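**Q** You'll find structure_19.csv just under this line, and it carries CSV, C-alpha atoms.
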```
chain,number,residue,atom,x,y,z
A,243,MET,CA,0.0,0.0,0.0
A,244,LYS,CA,1.2,3.5,-0.9
A,245,PRO,CA,2.2,5.8,2.1
A,246,SER,CA,-0.6,7.7,3.7
A,247,ARG,CA,1.4,10.1,5.9
A,248,SER,CA,-0.6,13.2,4.9
A,249,VAL,CA,-4.3,13.2,3.8
A,250,LEU,CA,-5.2,16.6,2.4
A,251,SER,CA,-8.9,17.4,2.7
A,252,VAL,CA,-10.0,19.6,-0.2
A,253,PRO,CA,-13.5,21.2,-0.4
A,254,GLY,CA,-15.4,19.6,-3.3
A,255,HIS,CA,-17.0,22.8,-4.6
A,256,MET,CA,-13.7,24.6,-5.0
A,257,ASP,CA,-12.0,23.5,-8.2
A,258,LYS,CA,-9.0,25.9,-7.9
A,259,MET,CA,-8.1,24.3,-4.6
A,260,GLN,CA,-8.2,20.9,-6.1
A,261,LYS,CA,-5.8,21.9,-8.9
A,262,LYS,CA,-3.4,23.2,-6.3
A,263,ALA,CA,-3.7,20.0,-4.2
A,264,ALA,CA,-2.8,17.9,-7.2
A,265,ALA,CA,0.5,19.8,-7.5
A,266,GLY,CA,1.3,19.5,-3.8
A,267,ALA,CA,3.2,17.0,-1.7
A,268,ALA,CA,0.3,15.3,0.1
A,269,ASP,CA,0.3,11.5,-0.1
A,270,VAL,CA,-3.4,11.3,-0.3
A,271,ILE,CA,-5.9,13.9,-1.8
A,272,MET,CA,-9.3,13.6,-0.2
A,273,LEU,CA,-12.0,15.4,-2.2
A,274,ASP,CA,-14.6,16.3,0.3
A,275,LEU,CA,-18.4,16.3,-0.1
A,276,GLU,CA,-19.2,16.5,3.6
A,277,ASP,CA,-18.4,19.2,6.2
A,278,SER,CA,-16.5,21.6,4.0
A,279,VAL,CA,-19.4,21.8,1.5
A,280,PRO,CA,-22.6,23.8,2.3
A,281,ALA,CA,-25.9,22.0,1.7
A,282,ASP,CA,-26.7,24.2,-1.3
A,283,LYS,CA,-23.4,23.3,-2.9
A,284,LYS,CA,-23.6,19.5,-2.7
A,285,LEU,CA,-24.8,19.0,-6.2
A,286,ILE,CA,-22.3,21.2,-7.9
A,287,ALA,CA,-19.6,19.7,-5.6
A,288,ARG,CA,-20.3,16.3,-7.0
A,289,GLN,CA,-20.0,17.6,-10.6
A,290,ILE,CA,-16.8,19.5,-9.8
A,291,ILE,CA,-15.2,16.5,-8.1
A,292,THR,CA,-16.1,14.2,-10.9
A,293,LYS,CA,-14.6,16.5,-13.5
A,294,ALA,CA,-11.5,17.0,-11.4
A,295,ILE,CA,-11.0,13.2,-11.0
A,296,LEU,CA,-11.3,12.5,-14.7
A,297,THR,CA,-9.3,15.5,-16.1
A,298,GLY,CA,-6.8,16.3,-13.3
A,299,ASP,CA,-3.2,15.4,-13.3
A,300,TRP,CA,-2.9,13.6,-10.0
A,301,LYS,CA,0.7,12.5,-10.5
A,302,GLY,CA,0.2,9.0,-9.1
A,303,LYS,CA,-1.3,10.2,-5.8
A,304,THR,CA,-3.8,8.2,-3.8
A,305,LEU,CA,-7.2,9.7,-4.5
A,306,ALA,CA,-10.1,9.5,-2.1
A,307,VAL,CA,-13.6,11.0,-1.9
A,308,ARG,CA,-15.4,11.7,1.4
A,309,ILE,CA,-19.1,11.3,1.1
A,310,ASN,CA,-21.8,12.6,3.4
A,311,PRO,CA,-22.9,10.5,6.4
A,312,LEU,CA,-25.3,7.7,5.5
A,313,ASP,CA,-28.1,9.1,7.6
A,314,THR,CA,-28.3,12.2,5.4
A,315,PRO,CA,-30.2,12.7,2.1
A,316,PHE,CA,-26.9,13.3,0.3
A,317,ALA,CA,-24.9,10.2,0.8
A,318,TYR,CA,-26.5,7.8,-1.7
A,319,GLU,CA,-26.3,10.3,-4.5
A,320,ASP,CA,-22.7,11.1,-3.6
A,321,ILE,CA,-21.8,7.4,-4.1
A,322,ILE,CA,-23.9,6.7,-7.2
A,323,GLN,CA,-23.2,9.9,-9.1
A,324,VAL,CA,-19.4,10.2,-8.4
A,325,VAL,CA,-18.5,6.5,-8.5
A,326,GLU,CA,-20.5,5.7,-11.6
A,327,ALA,CA,-18.8,8.6,-13.4
A,328,ALA,CA,-15.3,8.4,-12.1
A,329,GLY,CA,-14.9,5.2,-10.0
A,330,GLN,CA,-12.1,3.8,-12.2
A,331,ALA,CA,-9.8,6.6,-10.8
A,332,ILE,CA,-10.9,6.6,-7.2
A,333,ASP,CA,-8.7,4.6,-4.7
A,334,PHE,CA,-11.0,4.8,-1.7
A,335,ILE,CA,-14.2,6.2,-0.3
A,336,VAL,CA,-14.3,7.8,3.2
A,337,ILE,CA,-17.5,7.2,5.2
A,338,PRO,CA,-17.9,9.8,8.0
A,339,LYS,CA,-19.5,9.1,11.4
A,340,VAL,CA,-19.5,5.3,11.0
A,341,ALA,CA,-21.6,3.9,13.9
A,342,HIS,CA,-21.7,0.2,13.1
A,343,ALA,CA,-20.6,-2.5,10.7
A,344,GLY,CA,-23.8,-2.1,8.7
A,345,ASP,CA,-22.6,1.2,7.3
A,346,ILE,CA,-19.6,-0.6,5.8
A,347,HIS,CA,-21.8,-3.5,4.5
A,348,PHE,CA,-24.1,-1.0,2.8
A,349,LEU,CA,-21.3,0.9,1.0
A,350,ALA,CA,-19.5,-2.4,0.0
A,351,ARG,CA,-22.7,-3.9,-1.5
A,352,LEU,CA,-23.4,-0.7,-3.4
A,353,LEU,CA,-19.9,-0.5,-4.7
A,354,ASN,CA,-20.2,-4.1,-5.8
A,355,GLY,CA,-23.1,-3.2,-8.1
A,356,ILE,CA,-21.6,-0.1,-9.5
A,357,GLU,CA,-18.3,-1.8,-10.3
A,358,MET,CA,-20.2,-4.6,-12.1
A,359,ARG,CA,-22.4,-2.2,-14.0
A,360,LYS,CA,-19.6,0.1,-15.0
A,361,LYS,CA,-16.9,-2.6,-15.5
A,362,ILE,CA,-14.6,-1.1,-12.9
A,363,TYR,CA,-12.1,-3.9,-12.4
A,364,SER,CA,-10.0,-2.6,-9.4
A,365,LYS,CA,-12.0,-2.7,-6.2
A,366,ILE,CA,-12.5,0.7,-4.6
A,367,ALA,CA,-11.4,0.6,-0.9
A,368,ILE,CA,-13.2,2.1,2.1
A,369,GLU,CA,-12.0,4.2,5.0
A,370,ALA,CA,-14.2,4.3,8.1
A,371,SER,CA,-14.1,7.5,10.1
A,372,ILE,CA,-14.8,6.9,13.8
A,373,GLU,CA,-16.3,10.1,15.2
A,374,THR,CA,-18.8,9.1,17.8
A,375,ALA,CA,-19.1,7.2,21.0
A,376,ALA,CA,-21.2,4.6,19.3
A,377,GLY,CA,-18.6,4.2,16.5
A,378,LEU,CA,-15.8,3.8,19.0
A,379,GLU,CA,-17.7,1.2,21.0
A,380,GLN,CA,-18.2,-0.8,17.7
A,381,VAL,CA,-14.8,-0.2,16.2
A,382,THR,CA,-13.7,-3.8,16.3
A,383,SER,CA,-16.7,-5.1,14.4
A,384,ILE,CA,-16.4,-2.1,12.0
A,385,ALA,CA,-12.7,-3.0,11.3
A,386,GLN,CA,-13.7,-6.6,10.5
A,387,ALA,CA,-16.8,-5.7,8.4
A,388,ASP,CA,-15.5,-6.1,4.8
A,389,GLN,CA,-12.3,-6.8,2.8
A,390,ARG,CA,-12.6,-3.4,1.1
A,391,LEU,CA,-11.6,-1.7,4.3
A,392,ARG,CA,-8.1,-0.1,4.1
A,393,SER,CA,-8.1,2.3,7.0
A,394,LEU,CA,-9.8,3.8,10.1
A,395,SER,CA,-9.6,7.5,10.9
A,396,PHE,CA,-10.4,9.5,14.0
A,397,GLY,CA,-12.8,12.5,13.8
A,398,VAL,CA,-11.9,14.6,16.9
A,399,ALA,CA,-14.5,17.4,16.6
A,400,ASP,CA,-17.5,15.2,16.2
A,401,TYR,CA,-16.2,12.8,18.8
A,402,THR,CA,-15.9,15.7,21.2
A,403,THR,CA,-19.5,16.6,20.6
A,404,SER,CA,-20.6,13.0,20.9
A,405,ILE,CA,-19.2,12.5,24.4
A,406,GLY,CA,-20.1,16.0,25.6
A,407,ALA,CA,-16.5,17.1,26.2
A,408,LYS,CA,-15.4,20.7,26.4
A,409,LEU,CA,-14.7,22.9,23.3
A,410,VAL,CA,-11.4,24.6,23.9
A,411,SER,CA,-10.5,26.2,20.5
A,412,LEU,CA,-12.2,27.9,17.6
A,413,SER,CA,-11.8,24.9,15.3
A,414,GLY,CA,-12.4,22.1,17.8
A,415,HIS,CA,-9.6,20.2,16.2
A,416,GLY,CA,-6.9,19.4,18.7
A,417,GLU,CA,-5.7,22.8,19.9
A,418,ASN,CA,-5.2,24.1,23.4
A,419,GLU,CA,-5.8,20.6,24.9
A,420,GLU,CA,-3.1,21.0,27.5
A,421,GLU,CA,-5.0,23.9,29.1
A,422,ILE,CA,-7.7,21.6,30.4
A,423,TYR,CA,-6.2,18.1,30.7
A,424,PRO,CA,-2.8,17.0,32.2
A,425,GLY,CA,-1.9,14.6,29.4
A,426,HIS,CA,-3.2,13.6,26.0
A,427,ARG,CA,-7.0,14.0,26.1
A,428,TRP,CA,-7.6,11.7,23.1
A,429,HIS,CA,-5.1,9.0,24.1
A,430,TYR,CA,-7.8,6.3,24.6
A,431,PRO,CA,-9.9,6.7,21.5
A,432,ILE,CA,-6.9,7.0,19.2
A,433,SER,CA,-5.3,3.9,20.9
A,434,ARG,CA,-8.5,2.0,20.6
A,435,ILE,CA,-8.8,2.9,16.9
A,436,VAL,CA,-5.2,2.0,16.3
A,437,MET,CA,-5.6,-1.4,18.0
A,438,ALA,CA,-8.7,-2.3,16.0
A,439,ALA,CA,-7.0,-1.2,12.8
A,440,LYS,CA,-3.7,-3.0,13.3
A,441,ALA,CA,-5.4,-6.2,14.5
A,442,ASN,CA,-7.1,-6.3,11.1
A,443,GLY,CA,-4.3,-5.2,8.8
A,444,LEU,CA,-5.6,-1.6,8.3
A,445,LEU,CA,-4.0,1.8,8.5
A,446,ALA,CA,-4.8,4.2,11.3
A,447,ILE,CA,-5.1,7.9,10.4
A,448,ASP,CA,-5.3,10.7,13.0
A,449,ALA,CA,-7.6,13.7,12.9
A,450,PRO,CA,-6.6,17.0,11.5
A,451,PHE,CA,-5.1,19.8,13.6
A,452,GLY,CA,-7.2,23.0,13.2
A,453,ASN,CA,-4.7,25.8,13.6
A,454,PHE,CA,-2.7,25.9,10.4
A,455,LYS,CA,-0.7,28.8,11.7
A,456,ALA,CA,0.8,26.9,14.6
A,457,PRO,CA,3.5,24.6,13.1
A,458,LYS,CA,5.1,23.6,16.4
A,459,ALA,CA,1.8,22.6,17.9
A,460,LEU,CA,0.9,20.6,14.8
A,461,GLU,CA,4.3,18.9,14.9
A,462,SER,CA,3.7,17.9,18.6
A,463,ALA,CA,0.2,16.6,17.8
A,464,ALA,CA,1.4,14.6,14.9
A,465,ALA,CA,4.4,13.2,16.9
A,466,MET,CA,2.0,12.0,19.6
A,467,ALA,CA,-0.2,10.3,17.0
A,468,ALA,CA,2.8,8.6,15.5
A,469,ALA,CA,4.0,7.5,18.9
A,470,LEU,CA,0.6,5.9,19.4
A,471,GLY,CA,0.8,3.9,16.2
A,472,CYS,CA,-1.0,6.1,13.6
A,473,ASP,CA,0.3,5.9,10.1
A,474,GLY,CA,-0.7,9.4,9.1
A,475,LYS,CA,-2.8,12.4,9.7
A,476,TRP,CA,-5.4,14.4,7.9
A,477,VAL,CA,-4.4,18.0,7.0
A,478,ILE,CA,-6.6,20.9,6.2
A,479,HIS,CA,-4.0,23.3,4.7
A,480,PRO,CA,-1.1,22.8,2.3
A,481,ASP,CA,1.3,24.5,4.8
A,482,GLN,CA,0.7,21.5,7.1
A,483,ILE,CA,1.8,18.8,4.6
A,484,GLU,CA,5.6,19.1,5.0
A,485,ILE,CA,5.5,18.9,8.8
A,486,VAL,CA,3.2,15.9,8.8
A,487,ASN,CA,5.1,14.0,6.1
A,488,LYS,CA,8.3,14.6,8.1
A,489,VAL,CA,6.8,13.3,11.4
A,490,PHE,CA,5.4,10.2,9.8
A,491,SER,CA,8.6,9.3,7.9
A,492,PRO,CA,11.5,7.5,9.5
A,493,THR,CA,14.3,9.8,10.5
A,494,PRO,CA,17.9,9.2,9.4
A,495,GLU,CA,18.7,8.0,12.9
A,496,GLU,CA,15.8,5.5,12.8
A,497,ILE,CA,17.0,4.3,9.4
A,498,ARG,CA,20.6,3.9,10.6
A,499,ARG,CA,19.4,2.1,13.7
A,500,ALA,CA,17.2,-0.3,11.7
A,501,LYS,CA,20.0,-1.1,9.4
A,502,GLN,CA,22.3,-1.8,12.3
A,503,ILE,CA,19.8,-4.2,13.8
A,504,LEU,CA,19.2,-6.0,10.5
A,505,ASP,CA,22.9,-6.3,9.8
A,506,ALA,CA,23.5,-7.7,13.3
A,507,VAL,CA,20.8,-10.3,13.0
A,508,LYS,CA,22.0,-11.3,9.6
A,509,THR,CA,25.6,-11.7,10.8
A,510,ALA,CA,24.5,-13.7,13.9
A,511,GLY,CA,22.5,-16.1,11.7
A,512,SER,CA,21.2,-19.3,13.3
A,513,SER,CA,23.8,-19.1,16.1
A,514,SER,CA,22.0,-16.3,17.8
A,515,GLN,CA,19.1,-18.7,18.9
A,516,GLY,CA,16.6,-15.9,18.3
A,517,ALA,CA,18.6,-13.1,20.0
A,518,THR,CA,21.8,-11.2,19.6
A,519,ALA,CA,23.5,-8.2,21.2
A,520,ILE,CA,24.6,-4.8,20.0
A,521,ASN,CA,26.7,-2.6,22.3
A,522,GLY,CA,25.4,-4.5,25.3
A,523,GLN,CA,21.7,-4.3,24.3
A,524,MET,CA,19.8,-7.5,23.5
A,525,ILE,CA,18.1,-7.7,20.1
A,526,ASP,CA,15.4,-10.3,19.6
A,527,LEU,CA,13.1,-11.3,16.7
A,528,ALA,CA,10.5,-8.8,17.7
A,529,THR,CA,13.1,-6.0,17.5
A,530,ALA,CA,14.2,-7.3,14.1
A,531,ARG,CA,10.6,-7.2,12.8
A,532,LEU,CA,10.3,-3.6,14.0
A,533,ALA,CA,13.5,-2.8,12.2
A,534,GLU,CA,12.2,-4.5,9.0
A,535,LYS,CA,9.1,-2.3,9.1
A,536,VAL,CA,11.2,0.9,9.4
A,537,TRP,CA,13.5,-0.2,6.6
A,538,ASP,CA,10.6,-1.1,4.3
A,539,GLN,CA,8.9,2.3,4.9
A,540,ALA,CA,12.2,4.1,4.2
A,541,ARG,CA,12.5,2.0,1.0
A,542,GLN,CA,8.9,2.9,-0.1
A,543,LEU,CA,9.6,6.6,0.4
A,544,GLY,CA,12.9,6.4,-1.6
A,545,LEU,CA,15.0,7.2,1.5
A,546,VAL,CA,17.2,4.2,1.0
A,547,GLU,CA,18.2,2.1,-2.0
A,548,LYS,CA,15.8,-0.7,-2.9
```
Take the structure in this file and express it as structure tokens.
**A**
Amino acid sequence: MKPSRSVLSVPGHMDKMQKKAAAGAADVIMLDLEDSVPADKKLIARQIITKAILTGDWKGKTLAVRINPLDTPFAYEDIIQVVEAAGQAIDFIVIPKVAHAGDIHFLARLLNGIEMRKKIYSKIAIEASIETAAGLEQVTSIAQADQRLRSLSFGVADYTTSIGAKLVSLSGHGENEEEIYPGHRWHYPISRIVMAAKANGLLAIDAPFGNFKAPKALESAAAMAAALGCDGKWVIHPDQIEIVNKVFSPTPEEIRRAKQILDAVKTAGSSSQGATAINGQMIDLATARLAEKVWDQARQLGLVEK
């Protein structure tokens, strides 16, 4: 699977922003039909997104479309109109506010029919956005719902509303948390989502950070998400992409350490009986697997020779 370090959300009704996104450095471009699009712009947004997908130069990027929630009058037309017209170029669909596995089943069955009818031979994947208490409670069954699933993501603003927690910033997306909580306020839901994702071979994507003029705070939030096991983070502004890509890429020191571990394990061979030592530190097979993951990621990103 291609890297998903940065997922840039682009309003579906703003074609100029979509063109700029295609030329940027985000790993994933998510053309949005949900929160960033006013109700009276939903129809035109579908048309603009469809045209952009079919005519834009996406330079090999991963391309996603976020539909409206399934309990709205917009979602079914989002799926049918956009996927029927441009499904052959869409990598995955993002479903917001997933509350139970039935949401995934519905979309998967509908995609089955569209793909058969339109002769789309590469299956369109699904990302489930966990944004409510109900969704978090059911996250394991959601993660196991269908083979089309490729990722779970965390929606912090709607989750905050769902559980009745305090609003501490203008955007509601992760700023000023340290002012009211002595730690990481969203440690549990993110960890729960990560666990469900990784247990089922899926990616875990963190929520966006709302203040795009606070790079140090963004870097801190992204680093925390990476430390908890997330593979990437949604971004809402092009200025956030470079920081997020850097945080979710292995550092030169991590790459050096991974190579040192892999070289030591290779040199030790079968005589190590499952473990070896480097500078007085014991390296076992679990450590070797972690080093392999770092090395593979670095190779995917072109940071080391293949």
**Q** Hey, can you check how far atom CA of A:Val489 sits from atom CA of A:Ala468?
**A**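 Atom CA of A:Ala468 lies 7.4 Å from atom CA of A:Val489.
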**Q** Determine, for each residue of stretch 448-482 of chain A having at least one atom at most 12 Å from an atom of stretch 356-376 of chain A, the closest pair of atoms and their separation in Å to one decimal, counting all atoms listed in the file; order by chain and ascending number, as a tab-separated table.
**A**
```
residue	atom	partner	partner_atom	distance
A:Asp448	CA	A:Ser371	CA	9.8
A:Ala449	CA	A:Ser371	CA	9.4
A:Trp476	CA	A:Ser371	CA	11.3
```
**Q** Grab the residues selected above and save them as an mmCIF file, in the coordinates of the input with C-alpha atoms.
**A**
```cif
data_model
loop_
_atom_site.group_PDB
_atom_site.id
_atom_site.type_symbol
_atom_site.label_atom_id
_atom_site.label_comp_id
_atom_site.auth_asym_id
_atom_site.auth_seq_id
_atom_site.Cartn_x
_atom_site.Cartn_y
_atom_site.Cartn_z
ATOM 1 C CA ASP A 448 -5.300 10.700 13.000
ATOM 2 C CA ALA A 449 -7.600 13.700 12.900
ATOM 3 C CA TRP A 476 -5.400 14.400 7.900
#
```
**Q** Write out as a ChimeraX atom specification the residues lying within 9 Å of A:Gln260, counting only C-alpha atoms and excluding same-chain residues fewer than 5 positions away.
**A** /A:252-254,265,271,273,291,294,298
**Q** Pick out the closest residue to A:Val507 from this set: A:Asp526, A:Asp274, A:Asp269, A:Glu379. Count all atoms listed in the file.
**A**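 So, comparing all the options, the nearest one is A:Asp526.
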**Q** Check the smallest atom-to-atom distance from each of A:Leu353, A:Val307, A:Ile290, A:Cys472 to A:Met437 using only C-alpha atoms, then report the winner.
**A**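 Of A:Leu353, A:Val307, A:Ile290, A:Cys472, the one nearest A:Met437, counting only C-alpha atoms, is A:Cys472.
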**Q** Tell me, as number ranges by chain, which residues lie within 10 Å of stretch 527-534 of chain A, counting all atoms listed in the file; anything in the same chain fewer than 5 positions away does not count.
**A** A: 496-508, 515-518, 539-540
**Q** Keeping only C-alpha atoms, take the residues you just selected and write them out as a compact mmCIF listing (two decimals), in the coordinates of the input.
**A**
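Heads up, here's the output in part_11.txt:
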```txt
# COMPACT_ATOMS: atom_id res chain seq x y z
CA GLU A 496 15.80 5.50 12.80
CA ILE A 497 17.00 4.30 9.40
CA ARG A 498 20.60 3.90 10.60
CA ARG A 499 19.40 2.10 13.70
CA ALA A 500 17.20 -0.30 11.70
CA LYS A 501 20.00 -1.10 9.40
CA GLN A 502 22.30 -1.80 12.30
CA ILE A 503 19.80 -4.20 13.80
CA LEU A 504 19.20 -6.00 10.50
CA ASP A 505 22.90 -6.30 9.80
CA ALA A 506 23.50 -7.70 13.30
CA VAL A 507 20.80 -10.30 13.00
CA LYS A 508 22.00 -11.30 9.60
CA GLN A 515 19.10 -18.70 18.90
CA GLY A 516 16.60 -15.90 18.30
CA ALA A 517 18.60 -13.10 20.00
CA THR A 518 21.80 -11.20 19.60
CA GLN A 539 8.90 2.30 4.90
CA ALA A 540 12.20 4.10 4.20
```
**Q** Go ahead and compute the interatomic distance for atom CA of A:Lys440 and atom CA of A:Ala268, in Å to one decimal.
**A** 22.9 Å
**Q** Given all atoms listed in the file as the basis, pick out the residue of A:Lys408, A:His255, A:Arg247, A:His429 nearest to A:Pro492.
**A**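 The closest residue to A:Pro492 is A:Arg247.
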**Q** Of the residues A:Gln386, A:Gln323, A:Ser404, A:Gln482, which is the one nearest to A:Phe451, using all atoms listed in the file?
**A**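 Counting all atoms listed in the file, the residue closest to A:Phe451 is A:Gln482.
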**Q** Taking into account all atoms listed in the file, which residue in the set A:Leu349, A:Leu296, A:Ile309, A:Met524 is nearest to A:Ala327?
**A**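 When distances to A:Ala327 are compared using all atoms listed in the file, the smallest one comes from A:Leu296.
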**Q** So how far away is atom CA of A:Ser395 from atom CA of A:Ala341, in Å?
**A**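 Between these atoms lies a distance of 12.9 Å.
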**Q** Restricting the calculation to all atoms listed in the file: of A:Ala438, A:Leu409, A:Met272, A:Ala350, which residue gets closest to A:Gly377?
**A** A:Ala438
